[in-house]
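What follows is run18.cif (mmCIF, C-alpha atoms).
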data_my_file
loop_
_atom_site.label_atom_id
_atom_site.label_comp_id
_atom_site.auth_asym_id
_atom_site.auth_seq_id
_atom_site.Cartn_x
_atom_site.Cartn_y
_atom_site.Cartn_z
CA MET T 1 24.70 -5.84 12.18
CA SER T 2 21.42 -4.17 11.31
CA LYS T 3 21.21 -0.46 10.54
CA LYS T 4 18.63 1.69 12.26
CA ALA T 5 16.27 3.20 9.71
CA LYS T 6 15.01 6.71 10.33
CA PRO T 7 11.25 7.20 10.70
CA LEU T 8 9.55 8.49 7.56
CA ARG T 9 7.13 11.37 7.85
CA VAL T 10 4.16 11.36 5.47
CA GLY T 11 2.05 14.31 6.50
CA LYS T 12 1.16 13.68 10.13
CA VAL T 13 1.90 9.96 9.86
CA SER T 14 5.23 8.50 10.93
CA ILE T 15 6.34 5.21 9.38
CA GLY T 16 8.69 3.72 11.91
CA GLY T 17 7.62 5.77 14.90
CA LYS T 18 6.27 4.57 18.22
CA ARG T 19 2.84 3.83 16.73
CA PRO T 20 2.11 1.56 13.78
CA ALA T 21 1.21 3.29 10.52
CA PHE T 22 -1.72 2.16 8.42
CA ILE T 23 -2.34 2.55 4.70
CA LEU T 24 -6.07 2.11 4.13
CA GLY T 25 -8.55 2.65 1.33
CA PRO T 26 -10.30 1.00 -1.60
CA CYS T 27 -8.42 -0.63 -4.44
CA VAL T 28 -9.53 1.87 -7.08
CA ILE T 29 -11.37 5.19 -7.36
CA GLU T 30 -14.70 3.86 -8.63
CA SER T 31 -16.14 7.39 -8.75
CA GLU T 32 -15.48 10.74 -7.11
CA LYS T 33 -18.41 10.31 -4.71
CA PHE T 34 -17.25 6.81 -3.80
CA ALA T 35 -13.71 7.99 -3.02
CA TRP T 36 -14.96 10.80 -0.79
CA ARG T 37 -17.41 8.52 1.00
CA MET T 38 -14.75 5.90 1.72
CA ALA T 39 -12.18 8.47 2.82
CA LYS T 40 -14.58 10.14 5.25
CA LYS T 41 -15.74 6.84 6.77
CA ILE T 42 -12.21 5.49 7.18
CA ALA T 43 -11.06 8.81 8.68
CA GLU T 44 -13.90 8.69 11.21
CA ILE T 45 -13.01 5.13 12.21
CA CYS T 46 -9.30 5.89 12.53
CA ALA T 47 -9.99 9.01 14.60
CA ALA T 48 -12.19 6.99 16.95
CA GLU T 49 -9.53 4.28 17.27
CA LYS T 50 -6.67 6.80 17.55
CA VAL T 51 -4.88 5.38 14.53
CA ASP T 52 -2.56 7.18 12.12
CA PHE T 53 -3.39 6.40 8.50
CA ILE T 54 -2.61 7.28 4.92
CA PHE T 55 -5.56 7.13 2.51
CA LYS T 56 -4.94 4.98 -0.56
CA ALA T 57 -6.87 4.62 -3.79
CA SER T 58 -5.68 4.00 -7.35
CA TYR T 59 -6.64 6.22 -10.28
CA ASP T 60 -5.74 3.42 -12.69
CA LYS T 61 -5.31 -0.33 -12.34
CA ALA T 62 -2.89 -0.79 -15.19
CA ASN T 63 -2.30 -4.51 -14.67
CA ARG T 64 -5.83 -5.89 -14.67
CA THR T 65 -6.11 -9.51 -15.76
CA SER T 66 -8.66 -8.90 -18.52
CA VAL T 67 -9.03 -6.16 -21.12
CA ARG T 68 -12.70 -6.00 -20.09
CA SER T 69 -11.93 -5.11 -16.46
CA PHE T 70 -12.54 -1.65 -15.01
CA ARG T 71 -9.28 0.32 -14.75
CA GLY T 72 -10.10 3.69 -13.20
CA ILE T 73 -10.62 7.36 -13.99
CA GLY T 74 -7.15 8.45 -15.11
CA VAL T 75 -4.14 10.14 -13.55
CA ARG T 76 -5.15 13.80 -13.70
CA ASP T 77 -8.70 13.43 -12.42
CA GLY T 78 -7.65 10.82 -9.86
CA CYS T 79 -4.81 12.87 -8.41
CA GLU T 80 -7.02 15.95 -8.20
CA ILE T 81 -9.66 14.00 -6.25
CA LEU T 82 -7.08 12.55 -3.88
CA SER T 83 -5.42 15.92 -3.38
CA CYS T 84 -8.76 17.52 -2.48
CA ILE T 85 -9.54 14.67 -0.06
CA GLY T 86 -6.17 15.12 1.61
CA ARG T 87 -6.58 18.88 2.02
CA GLU T 88 -10.16 18.81 3.32
CA LEU T 89 -9.81 15.83 5.65
CA LYS T 90 -6.23 16.77 6.65
CA ILE T 91 -4.87 13.30 5.91
CA PRO T 92 -1.94 12.21 3.73
CA VAL T 93 -2.81 10.37 0.52
CA THR T 94 -1.05 7.83 -1.69
CA THR T 95 -1.60 6.23 -5.07
CA ASP T 96 0.41 4.09 -7.47
CA VAL T 97 2.20 5.48 -10.51
CA HIS T 98 3.03 3.48 -13.62
CA SER T 99 5.25 5.69 -15.77
CA PRO T 100 7.67 8.61 -15.42
CA GLU T 101 4.98 10.91 -16.82
CA GLU T 102 2.48 9.80 -14.19
CA ALA T 103 5.07 10.18 -11.44
CA ASP T 104 5.63 13.80 -12.47
CA ILE T 105 1.88 14.55 -12.40
CA ALA T 106 1.24 12.73 -9.12
CA GLY T 107 4.33 14.21 -7.49
CA LYS T 108 2.73 17.65 -7.58
CA LYS T 109 -0.37 16.56 -5.62
CA ILE T 110 0.20 13.26 -3.79
CA ASP T 111 2.03 12.86 -0.46
CA MET T 112 3.47 9.40 -1.05
CA LEU T 113 4.04 7.73 -4.42
CA GLN T 114 3.57 3.98 -4.62
CA ILE T 115 5.61 1.90 -7.06
CA PRO T 116 3.62 -1.20 -8.14
CA ALA T 117 5.17 -4.59 -7.46
CA PHE T 118 5.42 -5.53 -11.14
CA LEU T 119 7.32 -2.27 -11.81
CA CYS T 120 9.59 -2.18 -8.76
CA ARG T 121 12.80 -2.56 -10.77
CA GLN T 122 11.92 -0.08 -13.55
CA THR T 123 14.82 2.34 -13.32
CA ASP T 124 13.21 5.23 -15.22
CA LEU T 125 10.09 5.04 -13.03
CA LEU T 126 12.17 5.00 -9.84
CA LEU T 127 14.19 7.96 -11.11
CA ALA T 128 11.08 10.00 -11.91
CA ALA T 129 9.52 9.19 -8.55
CA ALA T 130 12.74 10.07 -6.71
CA GLU T 131 12.99 13.41 -8.50
CA THR T 132 9.59 14.50 -7.17
CA GLY T 133 11.06 14.63 -3.66
CA ARG T 134 8.03 12.78 -2.31
CA VAL T 135 8.15 9.80 0.02
CA ILE T 136 8.18 6.59 -2.03
CA ASN T 137 6.61 3.26 -1.10
CA VAL T 138 7.98 0.44 -3.23
CA LYS T 139 5.88 -2.72 -3.36
CA LYS T 140 8.34 -5.62 -3.39
CA GLY T 141 7.83 -7.68 -6.52
CA GLN T 142 6.30 -11.13 -6.12
CA PHE T 143 9.38 -12.41 -7.95
CA LEU T 144 12.00 -10.92 -5.62
CA ALA T 145 13.73 -12.23 -2.51
CA PRO T 146 13.67 -9.88 0.49
CA TRP T 147 17.39 -9.13 0.21
CA ASP T 148 16.94 -8.05 -3.42
CA VAL T 149 15.31 -4.79 -2.29
CA ARG T 150 18.82 -3.50 -1.57
CA ASN T 151 19.34 -2.94 -5.29
CA ILE T 152 16.15 -0.87 -5.48
CA ALA T 153 17.21 1.13 -2.43
CA GLU T 154 20.60 1.84 -3.99
CA LYS T 155 18.92 3.21 -7.10
CA LEU T 156 16.73 5.57 -5.10
CA VAL T 157 19.64 6.80 -2.99
CA ALA T 158 21.73 7.31 -6.15
CA PHE T 159 18.85 9.36 -7.55
CA GLY T 160 18.93 11.62 -4.49
CA ASN T 161 15.93 10.37 -2.53
CA GLU T 162 16.35 8.52 0.77
CA LYS T 163 12.71 8.92 1.80
CA PHE T 164 11.40 5.47 0.95
CA CYS T 165 10.05 2.28 2.44
CA PHE T 166 9.18 -1.16 1.12
CA THR T 167 5.95 -3.11 1.23
CA GLU T 168 5.92 -6.90 1.43
CA ARG T 169 2.94 -8.27 -0.52
CA GLY T 170 3.60 -11.97 -0.88
CA THR T 171 5.76 -14.09 -3.15
CA THR T 172 4.71 -16.18 -6.14
CA PHE T 173 4.09 -19.74 -4.99
CA GLY T 174 3.32 -22.07 -7.89
CA TYR T 175 0.50 -21.07 -10.20
CA SER T 176 -2.23 -18.58 -9.16
CA ASN T 177 -1.07 -18.41 -5.57
CA LEU T 178 1.07 -16.35 -3.22
CA VAL T 179 2.73 -17.09 0.09
CA ALA T 180 3.57 -14.49 2.74
CA ASP T 181 6.92 -15.24 4.36
CA MET T 182 7.08 -13.39 7.68
CA ARG T 183 10.86 -13.76 7.68
CA SER T 184 10.88 -11.18 4.90
CA LEU T 185 9.81 -8.45 7.32
CA TYR T 186 12.72 -9.25 9.63
CA TRP T 187 15.28 -9.37 6.81
CA ILE T 188 14.16 -6.10 5.23
CA ARG T 189 14.24 -4.31 8.58
CA GLU T 190 17.63 -5.84 9.40
CA ALA T 191 18.94 -4.39 6.14
CA GLY T 192 18.01 -0.96 7.48
CA TYR T 193 14.76 -0.26 5.65
CA ARG T 194 11.25 0.53 6.83
CA VAL T 195 8.74 -2.15 5.83
CA ILE T 196 4.96 -2.26 5.56
CA PHE T 197 3.00 -5.49 5.28
CA ASP T 198 0.25 -5.63 2.66
CA ALA T 199 -2.37 -7.93 4.15
CA THR T 200 -4.88 -7.85 1.32
CA HIS T 201 -2.67 -8.27 -1.75
CA SER T 202 -0.88 -11.12 0.03
CA VAL T 203 -4.09 -13.17 -0.04
CA GLN T 204 -4.70 -12.70 -3.75
CA ARG T 205 -4.84 -15.59 -6.18
CA PRO T 206 -3.54 -13.98 -9.38
CA GLY T 207 -5.70 -14.99 -12.33
CA GLY T 208 -7.46 -17.41 -10.02
CA ALA T 209 -10.86 -16.68 -11.53
CA GLY T 210 -9.74 -17.16 -15.11
CA ASP T 211 -10.26 -13.63 -16.39
CA ALA T 212 -9.89 -12.00 -12.96
CA THR T 213 -7.86 -12.28 -9.78
CA SER T 214 -9.52 -14.05 -6.88
CA GLY T 215 -8.48 -14.07 -3.24
CA ASP T 216 -9.08 -15.14 0.35
CA SER T 217 -10.09 -11.97 2.18
CA ALA T 218 -10.85 -13.91 5.39
CA LEU T 219 -7.12 -14.58 5.69
CA ALA T 220 -6.08 -10.92 5.43
CA PRO T 221 -6.56 -10.14 9.14
CA VAL T 222 -4.84 -13.41 10.03
CA LEU T 223 -1.73 -12.43 8.08
CA ALA T 224 -1.91 -8.87 9.41
CA ARG T 225 -1.80 -10.22 12.97
CA ALA T 226 1.18 -12.39 12.16
CA ALA T 227 3.01 -9.52 10.45
CA MET T 228 2.47 -7.15 13.35
CA ALA T 229 3.74 -9.80 15.76
CA ALA T 230 6.75 -10.53 13.55
CA GLY T 231 7.68 -6.87 13.50
CA CYS T 232 6.80 -4.35 10.82
CA ASP T 233 6.31 -0.61 10.68
CA GLY T 234 2.74 -0.68 9.48
CA ILE T 235 -0.07 -2.50 7.76
CA PHE T 236 -1.56 -1.91 4.31
CA MET T 237 -5.16 -3.07 3.87
CA GLU T 238 -7.60 -2.37 1.09
CA VAL T 239 -11.06 -1.66 2.45
CA HIS T 240 -14.42 -1.52 0.67
CA GLU T 241 -17.93 -0.80 1.90
CA LYS T 242 -19.26 -3.74 -0.13
CA PRO T 243 -16.39 -5.95 -1.38
CA ALA T 244 -18.73 -8.19 -3.37
CA ARG T 245 -19.61 -5.19 -5.55
CA ALA T 246 -16.08 -3.80 -5.85
CA LEU T 247 -14.91 -3.00 -9.38
CA SER T 248 -11.42 -4.31 -8.61
CA ASP T 249 -9.95 -6.84 -6.14
CA GLY T 250 -13.24 -7.48 -4.36
CA PRO T 251 -12.24 -11.01 -3.23
CA SER T 252 -9.26 -9.73 -1.25
CA GLN T 253 -10.60 -6.47 0.22
CA ILE T 254 -11.90 -6.39 3.78
CA PRO T 255 -15.38 -5.05 4.63
CA LEU T 256 -15.38 -1.53 6.02
CA LYS T 257 -17.61 -2.62 8.90
CA ASN T 258 -14.86 -4.92 10.21
CA LEU T 259 -12.13 -2.27 10.16
CA PRO T 260 -12.56 -1.00 13.77
CA LYS T 261 -12.04 -4.42 15.38
CA TYR T 262 -9.06 -5.16 13.16
CA LEU T 263 -7.40 -1.87 14.09
CA ARG T 264 -7.94 -2.49 17.80
CA MET T 265 -6.49 -5.99 17.47
CA LEU T 266 -3.43 -4.84 15.54
CA LYS T 267 -2.73 -1.97 17.92
CA ALA T 268 -2.84 -4.38 20.86
CA ILE T 269 -0.37 -6.74 19.17
CA HIS T 270 1.98 -3.84 18.41
CA VAL T 271 1.95 -2.80 22.07
CA ALA T 272 2.66 -6.37 23.15
CA VAL T 273 5.70 -6.81 20.93
CA SER T 274 7.16 -3.30 21.07
#
Would you mind writing the file out in structure tokens?
Amino acid sequence: MSKKAKPLRVGKVSIGGKRPAFILGPCVIESEKFAWRMAKKIAEICAAEKVDFIFKASYDKANRTSVRSFRGIGVRDGCEILSCIGRELKIPVTTDVHSPEEADIAGKKIDMLQIPAFLCRQTDLLLAAAETGRVINVKKGQFLAPWDVRNIAEKLVAFGNEKFCFTERGTTFGYSNLVADMRSLYWIREAGYRVIFDATHSVQRPGGAGDATSGDSALAPVLARAAMAAGCDGIFMEVHEKPARALSDGPSQIPLKNLPKYLRMLKAIHVAVS
């Protein structure tokens, strides 16, 4: 028998409430001006569409394919920018952390800490994130089965933090490819956990461009529709004003101009299946 998970509050956003939650933003903070511009534009769109969202941007992409790839601006500067955006625009913010030290720094300024998929089983990182008292979003590793998230959940509960959810972001399928299994959303929710579906990372092709990750951004809204119909608590989508010029994950990010129609579509599906 499934357990009923309690809604998670992240600022004014409820993950698991009556309305779907959205995590939206560019892959990485390319500059302070860029982050502010994206946050303001996304906030305007979400206000117009009556959508609850958490703004996401990474201060460091620590797992880039190539040593020559842009990584970001660093934890202290990045968290300060995100914190200021959150205060001024009155929206919750999230970013990924890669070490216990980063979790401690981010925990003082960021509303929700994101654990990267490759690091989802790192006990010391989970402990540090749990000790901040913040809501935690764990990206399910590409190498894990849906039922394996129970072990991660047990760690977080043992560390004194029950404010967490999981994000499904595809499973390794052969070389340089991922597959999104919609059954995963059902199984994770049946286990009693809140689950977000990551539409843009699920269409990545890791290392598909040789020294960079490629992707099929046109499929992101297709998978998002399927996930919302299958039953999930929210959708994660990386958004960029000009994906072709993005400094990270351009091939999988969706164009900002398309965001309004995608939000309307996903809201309608949520209403139909709720």
- Message: Here's the selection I'm unsure about, the PyMOL selection byres ((chain T and resi 265) around 12); applied to the file above, which residues does it give, as a list of chain:residue names?
- Response: T:Glu49, T:Val51, T:Pro221, T:Val222, T:Ala224, T:Arg225, T:Ala226, T:Met228, T:Ala229, T:Asn258, T:Leu259, T:Pro260, T:Lys261, T:Tyr262, T:Leu263, T:Arg264, T:Leu266, T:Lys267, T:Ala268, T:Ile269, T:His270, T:Val271, T:Ala272
- Taking the file above as input, evaluate the PyMOL selection byres ((chain T and resi 4-16) around 9) and report the hits as a PyMOL selection string. chain T and resi 2-3+17-22+52-54+90-93+111-112+134-135+163-165+189-196+232-234
- Message: List as an MDAnalysis selection string the protein and nucleic acid residues near T:Leu82, meaning an atom at most 10 Å away when only C-alpha atoms are counted, but skip any in the same chain fewer than 3 places from it.
- Response: chainID T and resid 29 32 35:36 39 55:59 77:79 85:87 92:95 106 109:111
- T:Ser214, T:Ser176, T:Ser184, T:Thr167 ranked by distance to T:Ala145, top pick (using only C-alpha atoms):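 Ranking T:Ser214, T:Ser176, T:Ser184, T:Thr167 by distance to T:Ala145, first place goes to T:Ser184.
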Residues within 9 Å of (-1.6, -9.1, -13.1), file coords, all atoms listed in the file, listed as a PDB file with C-alpha atoms, keeping the file's coordinate frame:
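Contents of the output file selection_2.pdb:
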ATOM      1  CA  ALA T  62      -2.890  -0.790 -15.190  1.00  0.00           C
ATOM      2  CA  ASN T  63      -2.300  -4.510 -14.670  1.00  0.00           C
ATOM      3  CA  ARG T  64      -5.830  -5.890 -14.670  1.00  0.00           C
ATOM      4  CA  THR T  65      -6.110  -9.510 -15.760  1.00  0.00           C
ATOM      5  CA  SER T  66      -8.660  -8.900 -18.520  1.00  0.00           C
ATOM      6  CA  PHE T 118       5.420  -5.530 -11.140  1.00  0.00           C
ATOM      7  CA  PRO T 206      -3.540 -13.980  -9.380  1.00  0.00           C
ATOM      8  CA  GLY T 207      -5.700 -14.990 -12.330  1.00  0.00           C
ATOM      9  CA  ALA T 212      -9.890 -12.000 -12.960  1.00  0.00           C
ATOM     10  CA  THR T 213      -7.860 -12.280  -9.780  1.00  0.00           C
TER      11      THR T 213
END
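Note that atom CA of T:Leu256 and atom CA of T:Glu241 are 4.9 Å apart.
Shell of T:Glu162 at 9 Å, with only C-alpha atoms counted and residues fewer than 6 places along the chain excluded, is Ala130, Val135, Ile136, Ala153 and Leu156 of chain T.
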- Message: Show me, as a list in words, the residues that have an atom within 9 Å of T:Phe143 when counting all atoms listed in the file, minus same-chain residues fewer than 2 positions from it.
- Response: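 Near neighbours after the sequence-gap exclusion: Ala117, Phe118, Lys140, Gly141, Ala145, Thr171 and Thr172 of chain T.
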- Message: I'd like the interatomic distance between atom CA of T:Ser217 and atom CA of T:Val203, to a tenth of an Å.
- Response: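 Distance reported for this atom pair: 6.5 Å.
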- Note on the structure: Separating atom CA of T:Lys155 from atom CA of T:Ala199, to the nearest tenth of an Å, is a gap of 26.5 Å
- Task: For T:Gly133, work out the shell of residues within 9 Å, counting only C-alpha atoms and skipping chain neighbours fewer than 6 positions away, then give it as a list in words.
- Result: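 Residues near the query, excluding close chain neighbours: Gly107, Gly160, Asn161 and Lys163 of chain T.
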Pull the neighbourhood of (4.4, 4.6, -14.2) for me: all residues within 12 Å in file coordinates, counting only C-alpha atoms, as a PDB file with C-alpha atoms, keeping the file's coordinate frame.
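The result, written out as selection-v8.pdb:
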ATOM      1  CA  TYR T  59      -6.640   6.220 -10.280  1.00  0.00           C
ATOM      2  CA  ASP T  60      -5.740   3.420 -12.690  1.00  0.00           C
ATOM      3  CA  LYS T  61      -5.310  -0.330 -12.340  1.00  0.00           C
ATOM      4  CA  ALA T  62      -2.890  -0.790 -15.190  1.00  0.00           C
ATOM      5  CA  ASN T  63      -2.300  -4.510 -14.670  1.00  0.00           C
ATOM      6  CA  VAL T  75      -4.140  10.140 -13.550  1.00  0.00           C
ATOM      7  CA  THR T  95      -1.600   6.230  -5.070  1.00  0.00           C
ATOM      8  CA  ASP T  96       0.410   4.090  -7.470  1.00  0.00           C
ATOM      9  CA  VAL T  97       2.200   5.480 -10.510  1.00  0.00           C
ATOM     10  CA  HIS T  98       3.030   3.480 -13.620  1.00  0.00           C
ATOM     11  CA  SER T  99       5.250   5.690 -15.770  1.00  0.00           C
ATOM     12  CA  PRO T 100       7.670   8.610 -15.420  1.00  0.00           C
ATOM     13  CA  GLU T 101       4.980  10.910 -16.820  1.00  0.00           C
ATOM     14  CA  GLU T 102       2.480   9.800 -14.190  1.00  0.00           C
ATOM     15  CA  ALA T 103       5.070  10.180 -11.440  1.00  0.00           C
ATOM     16  CA  ASP T 104       5.630  13.800 -12.470  1.00  0.00           C
ATOM     17  CA  ILE T 105       1.880  14.550 -12.400  1.00  0.00           C
ATOM     18  CA  ALA T 106       1.240  12.730  -9.120  1.00  0.00           C
ATOM     19  CA  GLY T 107       4.330  14.210  -7.490  1.00  0.00           C
ATOM     20  CA  LEU T 113       4.040   7.730  -4.420  1.00  0.00           C
ATOM     21  CA  GLN T 114       3.570   3.980  -4.620  1.00  0.00           C
ATOM     22  CA  ILE T 115       5.610   1.900  -7.060  1.00  0.00           C
ATOM     23  CA  PRO T 116       3.620  -1.200  -8.140  1.00  0.00           C
ATOM     24  CA  ALA T 117       5.170  -4.590  -7.460  1.00  0.00           C
ATOM     25  CA  PHE T 118       5.420  -5.530 -11.140  1.00  0.00           C
ATOM     26  CA  LEU T 119       7.320  -2.270 -11.810  1.00  0.00           C
ATOM     27  CA  CYS T 120       9.590  -2.180  -8.760  1.00  0.00           C
ATOM     28  CA  ARG T 121      12.800  -2.560 -10.770  1.00  0.00           C
ATOM     29  CA  GLN T 122      11.920  -0.080 -13.550  1.00  0.00           C
ATOM     30  CA  THR T 123      14.820   2.340 -13.320  1.00  0.00           C
ATOM     31  CA  ASP T 124      13.210   5.230 -15.220  1.00  0.00           C
ATOM     32  CA  LEU T 125      10.090   5.040 -13.030  1.00  0.00           C
ATOM     33  CA  LEU T 126      12.170   5.000  -9.840  1.00  0.00           C
ATOM     34  CA  LEU T 127      14.190   7.960 -11.110  1.00  0.00           C
ATOM     35  CA  ALA T 128      11.080  10.000 -11.910  1.00  0.00           C
ATOM     36  CA  ALA T 129       9.520   9.190  -8.550  1.00  0.00           C
TER      37      ALA T 129
END
- Note on the structure: Shortest contact to T:Gln253, candidates T:Arg169, T:Ala227, T:Gly215, T:Gly74, atoms counted only C-alpha atoms, goes to T:Gly215
- Query: Using only C-alpha atoms, which of T:Ile188, T:Ile235, T:Leu178, T:Ala246 sits nearest T:Gln204?
  - Reply: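 Nearest to T:Gln204: T:Leu178.
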- Closest to T:Leu247 among T:Arg71, T:Lys41, T:Lys33, T:Lys50, using all atoms listed in the file?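 When distances to T:Leu247 are compared using all atoms listed in the file, the smallest one comes from T:Arg71.
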